[in-house]
Amino acid sequence: FITCEVGNGLKASFWSDCWTPLGSLLKLLGDDGPRRLRIPLHSSVAEACPGNSWNLPHPRTDNEVLLHAHLTTVAPPMQTTSEDKYFWRVDGAQLNKFSAARSWENCRPRENPKDWSKLIWFSGCVPKHAFNMWIAQLDRMPVRSRLE
């Protein structure tokens with residue numbers, strides 16, 4: 001949900017922040033990614049490209065090839081550019097402020113309403129009975145075979 005737009009690369013973490021479309025590079029390459037690429041775990045993006053060029057060893061996995069291919073399209077961060085910026089993104093859209101509702105809907109998509117929902121949940125229903133009927137319709141009653 002939080003993405004980084006790299007400016008000078010001093011604040012953006014090379015491994016933890018989502019500064020590429022590939023997401024977190026630590027998740028992409030695994031725990032041994034820092035060892036294979038010879039970039040320390042807590043390095044910033046600026047520290048990962050000394051001399052203003054990407055200096056990575058030859059790729060050995062498909063994910064490393066993806067990273068190399070992406071980095072060839074990205075200019076290394078320069079000290080003269082602006083600071084790194086962080087943005088909140090939900091469904092690919094950049095938001096100016098945090099929205100718990102939009103984030104929750106993205107994490108938990110809604111199912112279509114069941115045909116029988118209006119038969120159980122109506123204005124005159126007893127909530128205790130409606131809840132039990134709802135659980136029974138979903139086949140989630142705590143019966144002995146499921147409890148053992």
# chains A, B, ... in the order shown; residues from 1 in each chain; ligands from 1

$ residues_around --residues "region 76-86 of chain A" --least-positions-apart "5" --cutoff "8 Å" --atoms "only C-alpha atoms" --output "number ranges by chain"
A: 2-12, 45-46, 49, 52-54

$ residues_around --residues "region 28-38 of chain A" --least-positions-apart "6" --cutoff "10 Å" --atoms "only C-alpha atoms" --output "list in words"
Phe14, Trp15, Leu22, Ala48, Asn55, Leu56, Pro57, His58, Pro59, Arg60, Thr61, Asp62, Asn63, Glu64, Leu66 and Leu67 of chain A

$ closest_residue --among "A:Ile39, A:Met141, A:Ala75, A:Val65" --to "Ser13 (chain A)" --atoms "only C-alpha atoms"
A:Ile39

$ closest_residue --among "A:Trp88, A:Thr73, A:Asp115, A:Pro142" --to "Ser103 (chain A)" --atoms "only C-alpha atoms"
A:Trp88

$ atom_distance --atom1 "CA of Arg102 (chain A)" --atom2 "CA of Asp17 (chain A)"
21.3 Å

$ select_by_dssp --residues "chain A" --states "alpha helix (DSSP H)" --output "PyMOL selection string"
chain A and resi 25-29+33-37+62-71+100-107+117-120+127-137+144-147

$ closest_residue --among "A:Ala101, A:Met133, A:Cys107, A:Val74" --to "Leu119 (chain A)" --atoms "only C-alpha atoms"
A:Met133

$ atom_distance --atom1 "CA of Thr72 (chain A)" --atom2 "CA of Ser44 (chain A)"
18.1 Å

$ residues_around --residues "Asn132 (chain A)" --least-positions-apart "6" --cutoff "12 Å" --atoms "only C-alpha atoms" --output "PDB file with N, CA and C atoms, in the first residue's frame"
ATOM      1  N   ILE A 120     -33.665 -14.458   6.265  1.00  0.00           N
ATOM      2  CA  ILE A 120     -33.135 -14.580   7.621  1.00  0.00           C
ATOM      3  C   ILE A 120     -33.036 -13.225   8.305  1.00  0.00           C
ATOM      4  N   TRP A 121     -32.491 -12.237   7.598  1.00  0.00           N
ATOM      5  CA  TRP A 121     -32.271 -10.911   8.176  1.00  0.00           C
ATOM      6  C   TRP A 121     -33.373  -9.965   7.691  1.00  0.00           C
ATOM      7  N   CYS A 125     -36.920  -9.822  12.761  1.00  0.00           N
ATOM      8  CA  CYS A 125     -36.246 -11.054  13.189  1.00  0.00           C
ATOM      9  C   CYS A 125     -35.679 -10.929  14.600  1.00  0.00           C
ATOM     10  N   VAL A 126     -35.581 -12.055  15.273  1.00  0.00           N
ATOM     11  CA  VAL A 126     -34.896 -12.123  16.565  1.00  0.00           C
ATOM     12  C   VAL A 126     -33.419 -12.360  16.240  1.00  0.00           C
ATOM     13  N   LEU A 138     -24.831 -21.488   6.202  1.00  0.00           N
ATOM     14  CA  LEU A 138     -23.447 -21.515   5.719  1.00  0.00           C
ATOM     15  C   LEU A 138     -22.748 -22.827   6.060  1.00  0.00           C
ATOM     16  N   ASP A 139     -23.479 -23.743   6.712  1.00  0.00           N
ATOM     17  CA  ASP A 139     -22.935 -25.038   7.126  1.00  0.00           C
ATOM     18  C   ASP A 139     -21.723 -24.864   8.042  1.00  0.00           C
ATOM     19  N   ARG A 140     -21.856 -23.959   9.005  1.00  0.00           N
ATOM     20  CA  ARG A 140     -20.773 -23.694   9.949  1.00  0.00           C
ATOM     21  C   ARG A 140     -21.202 -23.943  11.393  1.00  0.00           C
ATOM     22  N   MET A 141     -22.243 -24.739  11.594  1.00  0.00           N
ATOM     23  CA  MET A 141     -22.678 -25.055  12.955  1.00  0.00           C
ATOM     24  C   MET A 141     -21.602 -25.881  13.652  1.00  0.00           C
ATOM     25  N   PRO A 142     -21.321 -25.580  14.920  1.00  0.00           N
ATOM     26  CA  PRO A 142     -20.301 -26.351  15.655  1.00  0.00           C
ATOM     27  C   PRO A 142     -20.848 -27.716  16.068  1.00  0.00           C
TER      28      PRO A 142
END
